[in-house]
Each structure stands twice: as C-alpha cells, then as structure tokens.
file run.txt (compact mmCIF, C-alpha atoms and all ligand atoms)
# COMPACT_ATOMS: atom_id res chain seq x y z
CA MET A 1 16.76 -1.71 8.44
CA ILE A 2 17.35 -5.27 9.65
CA TYR A 3 15.74 -7.88 7.45
CA PRO A 4 14.36 -11.14 8.80
CA ALA A 5 16.32 -14.12 7.50
CA PHE A 6 14.14 -15.41 4.68
CA PRO A 7 15.78 -17.93 2.34
CA HIS A 8 15.62 -15.80 -0.80
CA HIS A 9 16.75 -12.49 -2.23
CA LEU A 10 15.39 -10.09 -4.83
CA ALA A 11 17.16 -9.95 -8.20
CA CYS A 12 16.75 -6.91 -10.45
CA LEU A 13 15.29 -7.84 -13.84
CA GLN A 14 17.25 -5.01 -15.46
CA CYS A 15 20.75 -4.90 -13.93
CA GLY A 16 20.79 -8.20 -12.04
CA ARG A 17 21.77 -6.61 -8.71
CA ALA A 18 20.76 -8.67 -5.66
CA SER A 19 18.83 -6.98 -2.86
CA PRO A 20 17.75 -8.43 0.50
CA PRO A 21 14.11 -9.52 0.94
CA SER A 22 11.89 -6.46 1.42
CA LEU A 23 8.62 -4.93 0.25
CA GLU A 24 10.54 -2.37 -1.83
CA LEU A 25 9.22 -2.38 -5.39
CA ARG A 26 12.26 -1.26 -7.40
CA CYS A 27 16.00 -1.82 -7.58
CA PRO A 28 17.89 0.93 -5.69
CA GLU A 29 20.52 0.96 -8.45
CA CYS A 30 18.46 1.27 -11.67
CA ARG A 31 14.75 1.36 -10.63
CA GLY A 32 14.16 -1.98 -12.40
CA LEU A 33 11.57 -4.47 -11.14
CA PHE A 34 12.50 -7.49 -9.03
CA ARG A 35 12.09 -11.24 -9.25
CA VAL A 36 12.39 -13.65 -6.32
CA GLU A 37 15.47 -15.92 -6.28
CA TYR A 38 15.41 -18.76 -3.78
CA HIS A 39 18.51 -20.08 -2.04
CA GLU A 40 17.20 -23.63 -1.88
CA PRO A 41 16.19 -26.01 -4.69
CA PRO A 42 12.46 -26.69 -5.11
CA ARG A 43 10.90 -29.26 -2.80
CA ARG A 44 8.94 -32.25 -3.97
CA TYR A 45 5.56 -31.58 -2.38
CA GLU A 46 4.92 -27.85 -2.38
CA PRO A 47 5.97 -24.66 -4.15
CA ARG A 48 8.78 -22.60 -2.67
CA THR A 49 7.40 -19.56 -0.89
CA PRO A 50 9.17 -16.46 0.42
CA TRP A 51 7.46 -16.72 3.83
CA PHE A 52 4.24 -18.05 5.40
CA SER A 53 1.10 -16.79 3.68
CA VAL A 54 -1.97 -15.51 5.50
CA SER A 55 -4.83 -18.02 5.36
CA LEU A 56 -8.53 -17.61 4.68
CA ARG A 57 -8.49 -21.25 3.51
CA GLN A 58 -7.90 -20.23 -0.11
CA GLY A 59 -6.86 -22.67 -2.81
CA TRP A 60 -7.90 -26.24 -3.68
CA THR A 61 -10.71 -25.03 -5.90
CA SER A 62 -12.59 -27.71 -7.83
CA LEU A 63 -12.12 -28.90 -11.39
CA MET A 64 -15.18 -29.32 -13.60
CA PRO A 65 -15.38 -30.56 -17.22
CA LEU A 66 -17.61 -28.36 -19.39
CA PRO A 67 -18.91 -29.00 -22.91
CA LEU A 68 -18.50 -25.38 -24.12
CA ALA A 69 -16.28 -24.31 -27.01
CA GLY A 70 -15.37 -27.88 -27.96
CA GLY A 71 -14.88 -28.88 -24.35
CA PHE A 72 -12.49 -27.87 -21.57
CA THR A 73 -11.95 -28.40 -17.86
CA ALA A 74 -12.69 -25.37 -15.70
CA LYS A 75 -10.82 -24.68 -12.46
CA LEU A 76 -13.37 -22.90 -10.34
CA GLU A 77 -11.18 -20.13 -8.96
CA PHE A 78 -14.23 -17.95 -8.35
CA LEU A 79 -14.96 -20.20 -5.37
CA SER A 80 -12.05 -18.53 -3.53
CA PRO A 81 -12.93 -16.72 -0.26
CA THR A 82 -13.21 -13.30 -1.93
CA GLY A 83 -14.63 -14.68 -5.17
CA SER A 84 -11.51 -14.45 -7.33
CA PHE A 85 -8.14 -16.11 -7.92
CA LYS A 86 -6.41 -13.00 -6.56
CA ASP A 87 -6.66 -14.57 -3.09
CA ARG A 88 -3.59 -16.68 -3.89
CA GLY A 89 -1.42 -13.63 -4.54
CA ALA A 90 -2.96 -11.56 -1.76
CA ALA A 91 -2.35 -14.30 0.83
CA MET A 92 1.37 -14.29 -0.08
CA LEU A 93 1.85 -10.53 -0.35
CA ILE A 94 0.04 -9.88 2.94
CA GLY A 95 2.14 -12.67 4.46
CA GLY A 96 5.07 -10.36 3.71
CA ALA A 97 3.27 -7.35 5.18
CA ARG A 98 2.78 -9.39 8.37
CA ALA A 99 6.40 -10.60 8.38
CA PHE A 100 7.65 -7.02 8.08
CA LYS A 101 5.16 -5.92 10.78
CA LEU A 102 3.28 -3.34 8.69
CA GLN A 103 0.28 -1.74 10.38
CA GLU A 104 -1.09 0.06 7.33
CA PHE A 105 -0.40 0.03 3.58
CA VAL A 106 -1.53 1.49 0.26
CA GLU A 107 -2.48 -0.46 -2.87
CA ASP A 108 -4.08 0.23 -6.24
CA SER A 109 -6.33 -2.21 -8.05
CA SER A 110 -9.01 -2.47 -10.71
CA GLY A 111 -11.12 -4.17 -8.02
CA ASN A 112 -10.55 -7.88 -7.40
CA ALA A 113 -6.97 -7.61 -6.17
CA GLY A 114 -8.00 -4.74 -3.91
CA ALA A 115 -10.86 -6.77 -2.46
CA ALA A 116 -8.52 -9.71 -1.86
CA LEU A 117 -5.75 -7.61 -0.32
CA ALA A 118 -8.25 -5.87 1.97
CA ALA A 119 -9.60 -9.26 3.12
CA TYR A 120 -6.20 -10.82 3.85
CA ALA A 121 -5.09 -7.58 5.51
CA ALA A 122 -8.14 -7.87 7.77
CA ALA A 123 -7.18 -11.45 8.60
CA ALA A 124 -3.70 -10.22 9.54
CA GLY A 125 -4.95 -7.17 11.48
CA ILE A 126 -3.48 -4.64 9.01
CA GLN A 127 -5.23 -1.52 7.66
CA ALA A 128 -5.55 -1.45 3.85
CA HIS A 129 -6.01 1.69 1.71
CA ILE A 130 -7.20 0.57 -1.72
CA PHE A 131 -7.20 3.01 -4.65
CA LEU A 132 -9.47 1.91 -7.49
CA PRO A 133 -11.04 3.50 -10.58
CA ALA A 134 -14.35 5.22 -9.78
CA SER A 135 -15.69 3.22 -12.76
CA ALA A 136 -14.97 -0.18 -11.08
CA PRO A 137 -18.14 -2.22 -10.40
CA PRO A 138 -19.68 -0.79 -7.18
CA VAL A 139 -19.83 -4.24 -5.59
CA LYS A 140 -16.02 -4.46 -5.62
CA ARG A 141 -15.82 -1.27 -3.60
CA ALA A 142 -18.51 -2.58 -1.23
CA GLN A 143 -16.46 -5.75 -0.77
CA ILE A 144 -13.34 -3.76 0.19
CA GLU A 145 -15.30 -1.74 2.75
CA ALA A 146 -17.12 -4.78 4.16
CA VAL A 147 -13.82 -6.22 5.41
CA GLY A 148 -12.63 -2.92 6.87
CA GLY A 149 -10.49 -1.67 3.99
CA ILE A 150 -10.59 2.03 3.14
CA ALA A 151 -11.62 2.43 -0.52
CA HIS A 152 -10.36 5.50 -2.39
CA PRO A 153 -12.22 5.78 -5.74
CA VAL A 154 -10.31 7.81 -8.35
CA GLU A 155 -11.86 9.37 -11.48
CA GLY A 156 -10.14 8.76 -14.80
CA PRO A 157 -8.32 5.78 -16.32
CA ARG A 158 -6.83 2.87 -14.37
CA ALA A 159 -3.40 4.57 -14.30
CA ALA A 160 -4.87 7.53 -12.41
CA ALA A 161 -5.65 5.23 -9.46
CA ALA A 162 -2.04 3.99 -9.41
CA GLU A 163 -0.68 7.56 -9.46
CA ALA A 164 -3.06 8.69 -6.71
CA ALA A 165 -2.05 5.70 -4.58
CA GLN A 166 1.64 6.56 -4.95
CA ARG A 167 1.03 10.22 -4.04
CA PHE A 168 -1.03 9.21 -0.97
CA ALA A 169 1.65 6.73 0.13
CA ASP A 170 4.38 9.38 -0.23
CA ALA A 171 2.36 12.05 1.61
CA ARG A 172 1.39 9.75 4.51
CA ARG A 173 4.74 7.91 4.53
CA LEU A 174 2.94 4.58 4.15
CA PRO A 175 4.31 1.55 2.30
CA PHE A 176 2.95 1.10 -1.23
CA LEU A 177 2.57 -2.66 -1.77
CA SER A 178 1.50 -2.56 -5.47
CA HIS A 179 0.60 -6.15 -6.38
CA ASN A 180 1.49 -5.25 -9.98
CA LEU A 181 5.05 -4.21 -9.20
CA SER A 182 5.81 -6.51 -6.24
CA PRO A 183 7.27 -9.89 -7.25
CA TYR A 184 5.66 -11.59 -4.25
CA PHE A 185 2.07 -11.50 -5.57
CA ALA A 186 2.89 -13.79 -8.52
CA GLU A 187 4.80 -16.11 -6.13
CA GLY A 188 1.43 -16.82 -4.51
CA MET A 189 -0.01 -17.81 -7.88
CA LYS A 190 2.44 -20.71 -8.25
CA SER A 191 0.15 -22.78 -6.03
CA LEU A 192 -2.28 -23.02 -8.94
CA ALA A 193 0.25 -24.96 -11.06
CA TRP A 194 1.03 -27.29 -8.15
CA GLU A 195 -2.63 -27.89 -7.34
CA LEU A 196 -3.54 -28.60 -10.94
CA THR A 197 -0.77 -31.16 -11.17
CA SER A 198 -1.89 -32.90 -7.96
CA GLN A 199 -5.56 -32.86 -8.93
CA LEU A 200 -4.96 -34.25 -12.41
CA ILE A 201 -2.72 -37.17 -11.42
CA GLY A 202 -4.91 -40.22 -11.86
CA VAL A 203 -7.55 -38.27 -13.75
CA THR A 204 -5.86 -38.34 -17.14
CA PRO A 205 -3.16 -40.75 -18.34
CA ASP A 206 -0.80 -37.86 -18.93
CA ALA A 207 -1.39 -35.72 -15.88
CA LEU A 208 -0.66 -32.31 -17.38
CA PRO A 209 -3.07 -30.59 -19.77
CA ASP A 210 -1.86 -29.68 -23.26
CA HIS A 211 -3.11 -26.11 -22.97
CA ILE A 212 -4.02 -23.58 -20.28
CA ILE A 213 -5.84 -20.42 -21.40
CA LEU A 214 -5.81 -17.39 -19.09
CA PRO A 215 -7.24 -13.90 -19.01
CA VAL A 216 -4.16 -11.65 -18.89
CA GLY A 217 -3.94 -8.07 -17.56
CA ASN A 218 -0.91 -7.49 -15.36
CA GLY A 219 0.13 -11.10 -15.86
CA SER A 220 0.46 -12.36 -12.26
CA LEU A 221 -1.41 -15.59 -13.04
CA LEU A 222 0.60 -16.17 -16.23
CA LEU A 223 3.93 -15.55 -14.48
CA GLY A 224 2.92 -17.56 -11.41
CA LEU A 225 1.91 -20.56 -13.52
CA TRP A 226 5.12 -20.28 -15.55
CA ARG A 227 7.28 -20.23 -12.42
CA GLY A 228 5.21 -22.94 -10.74
CA PHE A 229 5.52 -25.32 -13.67
CA GLN A 230 9.26 -24.67 -13.87
CA GLU A 231 9.57 -25.79 -10.24
CA LEU A 232 7.44 -28.86 -10.99
CA ARG A 233 9.75 -29.72 -13.86
CA GLU A 234 12.81 -29.24 -11.64
CA VAL A 235 11.50 -31.74 -9.08
CA GLY A 236 10.47 -34.20 -11.81
CA LYS A 237 6.69 -33.88 -11.38
CA ALA A 238 6.24 -32.41 -14.85
CA ASN A 239 8.13 -33.61 -17.91
CA ARG A 240 6.90 -30.62 -19.93
CA ILE A 241 5.11 -27.34 -19.37
CA PRO A 242 1.57 -26.90 -20.74
CA ARG A 243 1.24 -24.29 -23.50
CA LEU A 244 0.18 -21.08 -21.77
CA HIS A 245 -2.15 -19.00 -23.96
CA ALA A 246 -2.90 -15.39 -23.02
CA ALA A 247 -6.40 -14.11 -23.73
CA GLN A 248 -7.10 -10.38 -23.89
CA SER A 249 -9.92 -8.12 -25.07
CA GLU A 250 -9.40 -6.48 -28.47
CA SER A 251 -10.03 -3.20 -26.63
CA VAL A 252 -6.90 -3.56 -24.43
CA ALA A 253 -4.37 -6.01 -25.88
CA PRO A 254 -0.78 -4.92 -25.19
CA LEU A 255 0.55 -8.49 -24.89
CA VAL A 256 -1.01 -9.53 -28.21
CA ALA A 257 0.64 -6.48 -29.81
CA ALA A 258 4.02 -7.21 -28.18
CA LEU A 259 4.04 -10.85 -29.29
CA ASN A 260 3.24 -9.82 -32.84
CA ASP A 261 5.85 -7.02 -32.73
CA GLN A 262 3.14 -4.44 -33.36
CA PRO A 263 2.65 -1.09 -31.65
CA THR A 264 -0.05 -1.17 -28.95
CA PRO A 265 -3.25 0.49 -30.23
CA PRO A 266 -4.88 3.04 -27.91
CA PRO A 267 -7.07 1.32 -25.29
CA ALA A 268 -10.86 1.39 -25.62
CA PRO A 269 -13.54 0.70 -22.97
CA THR A 270 -14.08 -3.01 -22.26
CA VAL A 271 -16.48 -5.22 -20.32
CA ALA A 272 -13.38 -7.14 -19.16
CA ASP A 273 -12.52 -4.56 -16.47
CA GLY A 274 -10.23 -6.97 -14.62
CA ILE A 275 -7.70 -7.03 -17.48
CA ALA A 276 -8.01 -3.45 -18.76
CA ILE A 277 -4.27 -2.80 -18.29
CA PRO A 278 -2.78 -0.92 -21.29
CA ASN A 279 0.82 -0.82 -19.95
CA PRO A 280 1.57 -3.87 -17.79
CA PRO A 281 4.92 -3.28 -16.01
CA ARG A 282 6.06 -6.89 -16.49
CA LEU A 283 5.31 -7.07 -20.22
CA ALA A 284 8.77 -8.43 -21.11
CA GLU A 285 8.46 -11.33 -18.63
CA MET A 286 4.91 -12.04 -19.82
CA THR A 287 6.03 -12.13 -23.45
CA ALA A 288 8.83 -14.56 -22.55
CA ALA A 289 6.46 -16.87 -20.60
CA VAL A 290 4.03 -17.14 -23.54
CA ARG A 291 6.84 -17.61 -26.10
CA GLU A 292 8.84 -20.12 -24.07
CA SER A 293 5.76 -22.23 -23.29
CA ASN A 294 4.94 -22.21 -27.02
CA GLY A 295 1.68 -20.42 -26.29
CA ALA A 296 -0.28 -17.83 -28.25
CA ALA A 297 -1.80 -14.47 -27.37
CA ILE A 298 -5.35 -14.01 -28.58
CA ALA A 299 -7.52 -10.88 -28.69
CA VAL A 300 -11.28 -11.37 -28.70
CA SER A 301 -14.14 -8.96 -29.37
CA GLU A 302 -16.43 -7.49 -26.74
CA ASP A 303 -19.37 -9.36 -28.30
CA ALA A 304 -17.49 -12.66 -28.17
CA ILE A 305 -16.71 -12.11 -24.45
CA LEU A 306 -20.34 -11.44 -23.55
CA GLU A 307 -21.52 -14.38 -25.66
CA ALA A 308 -19.05 -16.71 -23.88
CA GLN A 309 -20.23 -15.40 -20.50
CA ARG A 310 -23.87 -16.07 -21.49
CA GLN A 311 -23.05 -19.58 -22.71
CA LEU A 312 -21.18 -20.39 -19.52
CA GLY A 313 -24.20 -19.13 -17.57
CA ARG A 314 -26.35 -21.76 -19.26
CA THR A 315 -24.19 -24.47 -17.68
CA GLY A 316 -25.12 -23.08 -14.25
CA LEU A 317 -21.84 -21.25 -13.64
CA TRP A 318 -21.74 -17.46 -13.51
CA CYS A 319 -18.40 -15.75 -13.98
CA GLU A 320 -17.53 -12.11 -14.52
CA PRO A 321 -16.93 -10.98 -18.14
CA THR A 322 -13.12 -10.95 -17.64
CA SER A 323 -13.23 -14.68 -16.82
CA ALA A 324 -15.13 -15.46 -20.04
CA VAL A 325 -12.36 -13.99 -22.23
CA PRO A 326 -10.39 -17.29 -22.38
CA ILE A 327 -13.54 -19.21 -23.39
CA ALA A 328 -13.93 -16.87 -26.37
CA ALA A 329 -10.20 -17.34 -27.07
CA LEU A 330 -10.58 -21.14 -26.97
CA LYS A 331 -13.11 -20.94 -29.80
CA GLN A 332 -10.58 -19.02 -31.90
CA LEU A 333 -7.72 -21.38 -31.02
CA ARG A 334 -9.84 -24.36 -32.07
CA ARG A 335 -10.87 -22.61 -35.30
CA ASP A 336 -7.29 -21.79 -36.29
CA GLY A 337 -6.06 -25.31 -35.45
CA THR A 338 -3.74 -24.29 -32.56
CA ILE A 339 -5.86 -26.53 -30.30
CA ARG A 340 -6.93 -29.86 -31.80
CA ALA A 341 -10.08 -31.80 -30.97
CA GLU A 342 -8.27 -34.37 -28.80
CA ASP A 343 -6.15 -31.85 -26.84
CA THR A 344 -6.81 -31.28 -23.15
CA VAL A 345 -7.54 -27.70 -22.08
CA ILE A 346 -7.76 -26.06 -18.66
CA ILE A 347 -9.34 -22.65 -18.12
CA PRO A 348 -9.29 -21.10 -14.65
CA LEU A 349 -12.61 -19.31 -14.17
CA THR A 350 -11.05 -16.44 -12.29
CA GLY A 351 -13.85 -14.28 -10.89
CA HIS A 352 -17.47 -14.73 -9.75
CA GLY A 353 -20.32 -13.19 -11.73
CA LEU A 354 -21.46 -11.37 -8.61
CA LYS A 355 -18.25 -9.32 -8.84
CA ALA A 356 -19.52 -7.49 -11.90
CA ALA A 357 -23.15 -7.21 -10.86
CA ALA A 358 -24.73 -3.77 -10.88
CA SER A 359 -25.86 -2.67 -7.43
ZN ZN B 401 18.73 -2.83 -11.13

call {"tool": "encode", "arguments": {"input": "run.txt", "output": "structure tokens", "more": "lines below"}}
Ligand SMILES: [Zn+2]
result
Amino acid sequence: MIYPAFPHHLACLQCGRASPPSLELRCPECRGLFRVEYHEPPRRYEPRTPWFSVSLRQGWTSLMPLPLAGGFTAKLEFLSPTGSFKDRGAAMLIGGARAFKLQEFVEDSSGNAGAALAAYAAAAGIQAHIFLPASAPPVKRAQIEAVGGIAHPVEGPRAAAAEAAQRFADARRLPFLSHNLSPYFAEGMKSLAWELTSQLIGVTPDALPDHIILPVGNGSLLLGLWRGFQELREVGKANRIPRLHAAQSESVAPLVAALNDQPTPPPAPTVADGIAIPNPPRLAEMTAAVRESNGAAIAVSEDAILEAQRQLGRTGLWCEPTSAVPIAALKQLRRDGTIRAEDTVIIPLTGHGLKAAAS
C-alpha cells in the first residue's frame, strides 16, 4: 500500500517501532497501540494535526462561569454539532478515513462517539457501521440512523459491542476504525486545550486555569488535553500545564484503581453510560497524564452524579449524567483541600441532556 505523505509517523507504545501513517490500530511487530509522532515542531497558532479534519463547524464552544460546587467555569462542549465533545475526535479520525479514501468502515461506541463518527462520515460521504450496546440510550441510536449511519445494537456488556464490531469488520473485510484504539481520535481533542488557552487570555491575569476536571472513560479527552498543553508549552503559550483531574463513577473506576495501585473492582451498572469502560486500552498513558500533571483521580457515587446533574439543571443547563460526574468530583476535591477556594477550575460539559433522554 502506498501511503500519502503526511508529516508524521506512528510510534508503537510498547516496542517503539515506527510505522507509516495509516488507519491500522496495532503495531505489526508486537500488537502494541500507537501514538502519533510529528516530524515538525509545534506551530504557534494551532495544534499540529495529522491531516485536514472534516468540518461540521465544531469547536469554539462557549465558556460560562457557574456558581455550583464552590464555583467553576464550564466549557459548553454539549453545544457541538452532534451534542457532545466527541465531534473533535470524530472530525479528525474521519479526516483520515477521507484521506485514505475509505467508502465504508466499522466502529464501536457506547453512543456519543458513534453518533459523532456517523455524522462526520455523512459529511465526508462515507458509510458508517456503528456497533453499540443495546442498553445505550435509544436517542443515541436514533441520532446515528438520522445521519445515515447503520446502527448495530449488541446485547451484553460494552465489550460485546467491540467484539461484534471486530467480527463484522473481519467477515466483511471492512476497516475497523475504533476511536478507542486509534491514536488519531485523541489528536482531534488537542484543539480543546488550544481553544481554552486562546479564550482565557485577557479573561484572567494568569491565562491558564489551575485545574481541569474531566469525565474519563477511554481517556481521549484526557490524553488530547495532555498532548495539547504539551504543545502549548513547547511554543511558549503555556508556562505550566493545568492539573488534570479524572472523574469516574464508583461503579466503573479503573483509572482510580490504577492510580492507587489497587485491583479494579468488578464493574456495576452506572447512570454515567458514556464512561462505563472497565478496561480502557490506554490505561497506562492515562495514568501517566494524571500523574505528570499532578492531578487526582476521583470516584463519585451514583447519587452524587444525579444530584450534580439536577443542580446544574437549576442553572438552566442540561447535561447528560456522564457530564455531571466532574461536578460531583469538584465537590470532593474542594472538601479534601486539593482545590482551594481561590483556585480557578474548568469543567468541560461534555454531552447534552437530550442524549440521555428516554424516548
Ligand atoms: Zn510494537
């Protein structure tokens, strides 16, 4: 296969072997996962990207100060074209699908990523097959189908959808894009770090917030922010990296367990369906990003998540339960003194409340 000349290569996280740009998910030598290595230093005005992304005019979501949980500034990611922050990653990954001239692909998702990938695939004229748990909110499936994606609901846990997607891709000889395994999805998330930095200059004396709290499942937002802020530091736009705190539900908290060197308890059902990922494939990278940014990983109860969602609703903003997890975590971080009264905090509100609505 001849690869277009993109100014990056893929480096194996396990054995370090370099591979040419491609939509392959694993190292041919050791089956390890990839990261993107660019051949050029970061530029001053925009994140490095592997190729042109597909546009539905995503990004540049608003910032809004809120008085909840001792106060924080929300980045309204649920105002993205498909109603969740996943648009950033989908725009980049489908940019690759377009660059490699795919006509059809297979993907698995708990819902939001699938809806985003189906939408950007539609914009690029590519057919998406999205495998998702049959238990995903029905509206997420409706969203996939509304933009011409083919939804394949799969009974059983989240992992069953991933396995069914791989089997279907093998049987039909279709590319499996897997936003969880592909390094390109998180590359699209870097734009959030760059945008935040641009939006905050002039708003606060010290442009960067002290803390960013995120809902974490497969970790694309965490890893994208980490890589984005590293680029910003390289070009001199950030003199430090905000502390990145990972918020999970007590019911599914593998990162919290890993950071505390504890075994992962068996997963339980959770209202935070968007982060119900018991075995995230990039757990080692996620652990390093939290540790190296001096962040914490916090697990919150199901009741605390729903209470935070209700309280946010009273401000006029409706997010899905997954997006309320960091608000519940902020309360804990303030209680235990990790976040002080005068510290600045950003929480991306990742998904719209309509995403979790019963239909
Ligand atoms: Zn390898």

call {"tool": "closest_atom_pairs", "arguments": {"input": "run.txt", "of": "chain A", "to": "ligand ZN 401 (chain B)", "cutoff": "12 Å", "atoms": "all atoms listed in the file", "output": "Markdown table"}}
result
| residue | atom | partner | partner_atom | distance |
| --- | --- | --- | --- | --- |
| A:Leu10 | CA | B:ZN401 | ZN | 10.2 |
| A:Ala11 | CA | B:ZN401 | ZN | 7.9 |
| A:Cys12 | CA | B:ZN401 | ZN | 4.6 |
| A:Leu13 | CA | B:ZN401 | ZN | 6.7 |
| A:Gln14 | CA | B:ZN401 | ZN | 5.1 |
| A:Cys15 | CA | B:ZN401 | ZN | 4.0 |
| A:Gly16 | CA | B:ZN401 | ZN | 5.8 |
| A:Arg17 | CA | B:ZN401 | ZN | 5.4 |
| A:Ala18 | CA | B:ZN401 | ZN | 8.3 |
| A:Ser19 | CA | B:ZN401 | ZN | 9.3 |
| A:Leu25 | CA | B:ZN401 | ZN | 11.1 |
| A:Arg26 | CA | B:ZN401 | ZN | 7.6 |
| A:Cys27 | CA | B:ZN401 | ZN | 4.6 |
| A:Pro28 | CA | B:ZN401 | ZN | 6.7 |
| A:Glu29 | CA | B:ZN401 | ZN | 5.0 |
| A:Cys30 | CA | B:ZN401 | ZN | 4.1 |
| A:Arg31 | CA | B:ZN401 | ZN | 5.8 |
| A:Gly32 | CA | B:ZN401 | ZN | 4.8 |
| A:Leu33 | CA | B:ZN401 | ZN | 7.3 |
| A:Phe34 | CA | B:ZN401 | ZN | 8.1 |
| A:Arg35 | CA | B:ZN401 | ZN | 10.9 |

call {"tool": "residues_around", "arguments": {"input": "run.txt", "residues": "Ala356 of chain A", "least_positions_apart": "4", "cutoff": "10 Å", "atoms": "all atoms listed in the file", "output": "PyMOL selection string"}}
result
chain A and resi 111+136-140+271-274+319-322+351-352

call {"tool": "write_last_selection", "arguments": {"input": "run.txt", "atoms": "C-alpha atoms", "output": "mmCIF file, keeping the file's coordinate frame"}}
result
data_model
loop_
_atom_site.group_PDB
_atom_site.id
_atom_site.type_symbol
_atom_site.label_atom_id
_atom_site.label_comp_id
_atom_site.auth_asym_id
_atom_site.auth_seq_id
_atom_site.Cartn_x
_atom_site.Cartn_y
_atom_site.Cartn_z
ATOM 1 C CA GLY A 111 -11.120 -4.170 -8.020
ATOM 2 C CA ALA A 136 -14.970 -0.180 -11.080
ATOM 3 C CA PRO A 137 -18.140 -2.220 -10.400
ATOM 4 C CA PRO A 138 -19.680 -0.790 -7.180
ATOM 5 C CA VAL A 139 -19.830 -4.240 -5.590
ATOM 6 C CA LYS A 140 -16.020 -4.460 -5.620
ATOM 7 C CA VAL A 271 -16.480 -5.220 -20.320
ATOM 8 C CA ALA A 272 -13.380 -7.140 -19.160
ATOM 9 C CA ASP A 273 -12.520 -4.560 -16.470
ATOM 10 C CA GLY A 274 -10.230 -6.970 -14.620
ATOM 11 C CA CYS A 319 -18.400 -15.750 -13.980
ATOM 12 C CA GLU A 320 -17.530 -12.110 -14.520
ATOM 13 C CA PRO A 321 -16.930 -10.980 -18.140
ATOM 14 C CA THR A 322 -13.120 -10.950 -17.640
ATOM 15 C CA GLY A 351 -13.850 -14.280 -10.890
ATOM 16 C CA HIS A 352 -17.470 -14.730 -9.750
#

call {"tool": "residues_around", "arguments": {"input": "run.txt", "residues": "Met286 of chain A", "least_positions_apart": "2", "cutoff": "9 Å", "atoms": "only C-alpha atoms", "output": "list in words"}}
result
Asn218, Gly219, Ser220, Leu222, Leu223, Leu255, Arg282, Leu283, Ala284, Ala288, Ala289, Val290 and Arg291 of chain A

call {"tool": "residues_around", "arguments": {"input": "run.txt", "residues": "Gln309 of chain A", "least_positions_apart": "2", "cutoff": "8 Å", "atoms": "only C-alpha atoms", "output": "count of residues only"}}
result
12

call {"tool": "residues_around", "arguments": {"input": "run.txt", "residues": "Ser84 of chain A", "least_positions_apart": "5", "cutoff": "6 Å", "atoms": "only C-alpha atoms", "output": "VMD selection string"}}
result
chain A and resid 77 to 78 350 to 351

call {"tool": "atom_distance", "arguments": {"input": "run.txt", "atom1": "atom CA of Pro280 of chain A", "atom2": "atom CA of Gly228 of chain A"}}
result
20.7 Å

call {"tool": "decode", "arguments": {"input": "run.txt", "residues": "segment 186-192 of chain A", "atoms": "all heavy atoms", "output": "PDB file, in the first residue's frame"}}
result
ATOM      1  N   ALA A 186      -7.764  11.035  19.671  1.00  0.00           N
ATOM      2  CA  ALA A 186      -7.294  11.948  20.730  1.00  0.00           C
ATOM      3  C   ALA A 186      -6.551  13.149  20.134  1.00  0.00           C
ATOM      4  O   ALA A 186      -6.537  14.229  20.737  1.00  0.00           O
ATOM      5  CB  ALA A 186      -6.400  11.208  21.724  1.00  0.00           C
ATOM      6  N   GLU A 187      -5.932  12.980  18.949  1.00  0.00           N
ATOM      7  CA  GLU A 187      -5.269  14.128  18.305  1.00  0.00           C
ATOM      8  C   GLU A 187      -6.273  15.252  18.031  1.00  0.00           C
ATOM      9  O   GLU A 187      -5.943  16.428  18.078  1.00  0.00           O
ATOM     10  CB  GLU A 187      -4.601  13.697  16.996  1.00  0.00           C
ATOM     11  CG  GLU A 187      -3.326  12.896  17.184  1.00  0.00           C
ATOM     12  CD  GLU A 187      -2.258  13.645  17.974  1.00  0.00           C
ATOM     13  OE1 GLU A 187      -1.864  14.749  17.563  1.00  0.00           O
ATOM     14  OE2 GLU A 187      -1.833  13.123  19.019  1.00  0.00           O
ATOM     15  N   GLY A 188      -7.520  14.853  17.727  1.00  0.00           N
ATOM     16  CA  GLY A 188      -8.566  15.856  17.491  1.00  0.00           C
ATOM     17  C   GLY A 188      -8.962  16.600  18.756  1.00  0.00           C
ATOM     18  O   GLY A 188      -9.466  17.721  18.699  1.00  0.00           O
ATOM     19  N   MET A 189      -8.738  15.964  19.903  1.00  0.00           N
ATOM     20  CA  MET A 189      -9.127  16.575  21.180  1.00  0.00           C
ATOM     21  C   MET A 189      -8.160  17.676  21.614  1.00  0.00           C
ATOM     22  O   MET A 189      -8.470  18.467  22.495  1.00  0.00           O
ATOM     23  CB  MET A 189      -9.164  15.513  22.286  1.00  0.00           C
ATOM     24  CG  MET A 189     -10.182  14.435  22.076  1.00  0.00           C
ATOM     25  SD  MET A 189     -11.846  15.077  22.157  1.00  0.00           S
ATOM     26  CE  MET A 189     -12.755  13.618  21.647  1.00  0.00           C
ATOM     27  N   LYS A 190      -6.970  17.708  21.008  1.00  0.00           N
ATOM     28  CA  LYS A 190      -5.987  18.724  21.399  1.00  0.00           C
ATOM     29  C   LYS A 190      -6.544  20.131  21.207  1.00  0.00           C
ATOM     30  O   LYS A 190      -6.169  21.056  21.922  1.00  0.00           O
ATOM     31  CB  LYS A 190      -4.713  18.587  20.559  1.00  0.00           C
ATOM     32  CG  LYS A 190      -3.905  17.345  20.853  1.00  0.00           C
ATOM     33  CD  LYS A 190      -2.503  17.409  20.249  1.00  0.00           C
ATOM     34  CE  LYS A 190      -2.532  17.657  18.767  1.00  0.00           C
ATOM     35  NZ  LYS A 190      -1.228  17.374  18.121  1.00  0.00           N
ATOM     36  N   SER A 191      -7.440  20.281  20.246  1.00  0.00           N
ATOM     37  CA  SER A 191      -7.986  21.614  19.952  1.00  0.00           C
ATOM     38  C   SER A 191      -8.644  22.228  21.187  1.00  0.00           C
ATOM     39  O   SER A 191      -8.705  23.446  21.326  1.00  0.00           O
ATOM     40  CB  SER A 191      -8.991  21.551  18.795  1.00  0.00           C
ATOM     41  OG  SER A 191     -10.052  20.679  19.117  1.00  0.00           O
ATOM     42  N   LEU A 192      -9.123  21.385  22.102  1.00  0.00           N
ATOM     43  CA  LEU A 192      -9.768  21.920  23.298  1.00  0.00           C
ATOM     44  C   LEU A 192      -8.754  22.690  24.157  1.00  0.00           C
ATOM     45  O   LEU A 192      -9.051  23.778  24.671  1.00  0.00           O
ATOM     46  CB  LEU A 192     -10.414  20.784  24.100  1.00  0.00           C
ATOM     47  CG  LEU A 192     -11.244  21.193  25.311  1.00  0.00           C
ATOM     48  CD1 LEU A 192     -12.365  22.152  24.943  1.00  0.00           C
ATOM     49  CD2 LEU A 192     -11.843  19.972  25.986  1.00  0.00           C
TER      50      LEU A 192
END
